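Engineer: Let me give you the structure first, and then I'll get to my questions.
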Amino acid sequence: MIQHPNYTFKHSIGEGGMAIVYLAEHKTLNQPVAIKVLNKEFVHNDNIRKRFLSEARNIFKMSHPNIIKVTDLIDEGDTVAFVMEYMEGQTLKEYLDTKGKLNDDEIKKLFVQMLDAVGYVHEQGLIHRDIKPSNFMISSKGVVKLLDFGIAKNTDTTSADYTQTGTAHSMGTPMYMSPEQIKSTKDVTAQSDIYSLGVVLWQMVTGKKPYDTNTTSTFELQTKIVNEPLPLSGTFWDEVIGSATEKKTELRFHSILNIAERIKNPKESKLDFDTTQLFHQLNDVTETVVTNQTESFETVINYNILNPKKESSNLFKAPFSFKGRIRRKEYGLSILIVSTVGIPLCFTMIGIIPVCWFIWAQGAKRAHDLGQSGWLQLIPFYSLLLLFAEGERHNNKYGQPVK
């Protein structure tokens, strides 16, 4: 066991690739602490030693209730370690292994704390790069703390700790890595942590790991991450997960604040996605219907895009009436149905007129609902785009929405 004049080492409580974490006690204060000790074989490796000490300094500079606190640094010959606050509890990984999927209230309580922690890290100019369930501790009182900054990237190019890694290096845990993290470490940004958070959220919602690493090779896993979206969970969390795990960073949440705001103010309808994301998902559903004519529309609806909660809905209730509230979901689905069914008819030149007329009429109805009037309603493409526009009926000439 390691000897030190200020600390009494008791036993190991965790082990990683480069270091071991021990439970210890401060000899003077009689205070339990956790000490992360660099393995002996890496002590004289200048690169690893420098990275390890950089991790300690990065955490030491942070002061946040959801980030583990570093209280001391030991750099004495063959002993390189740093001392952290000790927190009784279990990792999120252990918690999920025990409980499986979590209920919505518990997810929100834990995930908001996780967002606060990662958001603070980004404010300090760091990218964690290893967001995963085993790097979040949960105390017996439900407090979450972020751990392990061993491969954190400093984005401040003027800092002595600025991380420079080539494209040949892969840093992170494969199952939770973002597509850009797999392709090139130097292209990693704060949005890579956001992607990893989305994968962790999916695991909290479903109670399952996103990929089976026992049967999937590393190459297959990386191919799936780069090309395939996560399966829908069938819950309202799909909106957050989908935006967090977009393959293209320009379509992903831009910051942790965007995610927190979306969770605090969830939108009423699944069709309130960003327009780009909505078109992507509608296109996926349409392709499924066209390529599989035997698939029922009940299955299509179960994709949780247009009717995520499987609510009973009268799609054609007063479709051309200018009374009542905006039924954007019903209009969108009715257009999808008529358009899909009308495809064979359009090729035979039999049904093209009623199909086009129906789509135009629905767009004109949406224009009316938004208070648009006059000749704009006679522009088919303009009124069709209004189906995806934000807005509700207020005090226009058609009166208040019917509750």
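Chain labels follow the order of the structure tokens: the first chain is A, the next B, and so on; residue numbering restarts at 1 in every chain, and ligands are counted from 1 in their shown order.
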Would you list the contacts of Leu230 of chain A as a list in words, taking every protein, DNA or RNA residue within 10 Å and counting only C-alpha atoms, but skipping same-chain residues closer than 6 positions in sequence?
Structural biologist: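 Once the adjacent positions are removed, what remains is Gly198, Val199, Trp202, Pro210, Tyr211, Lys224, Asp238, Ile241, Gly242, Thr245 and Glu246 of chain A.
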Engineer: Using only C-alpha atoms, find each residue of segment 90-206 of chain A with at least one atom at most 10 Å away from an atom of segment 66-81 of chain A; report its shortest atom-to-atom pair and that distance in Å (one decimal), sort the rows by chain and rising residue number, and return the result as a tab-separated table.
Structural biologist:
```
residue	atom	partner	partner_atom	distance
A:Gln113	CA	A:Asn66	CA	6.5
A:Met114	CA	A:Asn66	CA	7.3
A:Leu115	CA	A:Asn66	CA	9.3
A:Asp116	CA	A:Asn66	CA	7.2
A:Ala117	CA	A:Asn66	CA	5.3
A:Val118	CA	A:Ile67	CA	8.7
A:Tyr120	CA	A:Ile67	CA	8.9
A:Val121	CA	A:Ile67	CA	8.9
A:Phe136	CA	A:Ile67	CA	9.0
A:Met137	CA	A:Ile68	CA	8.8
A:Ile138	CA	A:Asn66	CA	9.8
A:Val143	CA	A:Asn66	CA	7.3
A:Val144	CA	A:Asn66	CA	5.6
A:Lys145	CA	A:Asn66	CA	4.2
A:Leu146	CA	A:Ile67	CA	4.7
A:Leu147	CA	A:Ile68	CA	6.0
A:Asp148	CA	A:Ile68	CA	8.8
```
Engineer: As an exercise, work out the distance from atom CA of Tyr95 of chain A to atom CA of Lys132 of chain A in Å and give it to one decimal place.
Structural biologist: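 Atom CA of Lys132 of chain A lies at a distance of 12.7 Å from atom CA of Tyr95 of chain A.
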Engineer: Write out as a PyMOL selection string the set of residues from segment 30-64 of chain A that DSSP, computed on the backbone, places in helix (DSSP H, G or I).
Structural biologist: chain A and resi 40-42+46-60
Engineer: Filtering to C-alpha atoms, could you give me those residues as a PDB file, in the first residue's frame?
Structural biologist:
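Result file out_37.pdb:
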```pdb
ATOM      1  CA  LYS A  40       3.993   3.202 -11.698  1.00  0.00           C
ATOM      2  CA  GLU A  41       4.619   2.188 -15.315  1.00  0.00           C
ATOM      3  CA  PHE A  42       3.439   5.636 -16.505  1.00  0.00           C
ATOM      4  CA  ASP A  46       6.533  12.528 -19.776  1.00  0.00           C
ATOM      5  CA  ASN A  47       3.465  12.781 -22.006  1.00  0.00           C
ATOM      6  CA  ILE A  48       1.179  10.758 -19.722  1.00  0.00           C
ATOM      7  CA  ARG A  49       2.526  12.396 -16.574  1.00  0.00           C
ATOM      8  CA  LYS A  50       1.933  15.838 -18.044  1.00  0.00           C
ATOM      9  CA  ARG A  51      -1.625  14.921 -19.058  1.00  0.00           C
ATOM     10  CA  PHE A  52      -2.346  13.487 -15.607  1.00  0.00           C
ATOM     11  CA  LEU A  53      -1.134  16.626 -13.826  1.00  0.00           C
ATOM     12  CA  SER A  54      -3.063  18.737 -16.316  1.00  0.00           C
ATOM     13  CA  GLU A  55      -6.233  16.863 -15.353  1.00  0.00           C
ATOM     14  CA  ALA A  56      -5.593  17.696 -11.689  1.00  0.00           C
ATOM     15  CA  ARG A  57      -5.053  21.391 -12.431  1.00  0.00           C
ATOM     16  CA  ASN A  58      -8.154  21.550 -14.633  1.00  0.00           C
ATOM     17  CA  ILE A  59     -10.392  20.139 -11.910  1.00  0.00           C
ATOM     18  CA  PHE A  60      -8.695  22.180  -9.165  1.00  0.00           C
TER      19      PHE A  60
END
```
Engineer: Which residues are near segment 34-37 of chain A? Cut-off 8 Å, only C-alpha atoms, ignore same chain within fewer than 2 positions. Put them as a VMD selection string.
Structural biologist: chain A and resid 19 to 24 32 39 79 to 86
Engineer: Report the distance between atom CA of Met204 of chain A and atom CA of Leu102 of chain A in Å, rounded to one decimal place.
Structural biologist: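 So the answer is 5.9 Å.
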Engineer: Give me, as a PyMOL selection string, the residues of segment 36-277 of chain A that a backbone DSSP run labels strand (DSSP E).
Structural biologist: chain A and resi 36-38+70-76+79-85+89-91+126-127+136-139+144-146+153-154
Engineer: Which residues come within 12 Å of Ile182 of chain A, counting only C-alpha atoms, excluding same-chain residues fewer than 4 positions away, as a VMD selection string?
Structural biologist: chain A and resid 129 167 to 178 186 to 188 192 218 to 219 221 to 227 247
Engineer: Quick one: pull the distance between atom CA of Phe236 of chain A and atom CA of Lys101 of chain A, Å, one decimal.
Structural biologist: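 Spanning atom CA of Phe236 of chain A to atom CA of Lys101 of chain A is a straight-line distance of 14.5 Å.
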Engineer: Report as a PyMOL selection string all protein, DNA and RNA residues lying within 7 Å of segment 255-258 of chain A, evaluated on only C-alpha atoms, omitting residues in the same chain fewer than 4 positions from it.
Structural biologist: chain A and resi 115+119+191+194+262
Engineer: I'd like to know which of A:Val205, A:Thr249, A:Lys61, A:Met1 is closest to Pro231 of chain A, using only C-alpha atoms.
Structural biologist: A:Val205
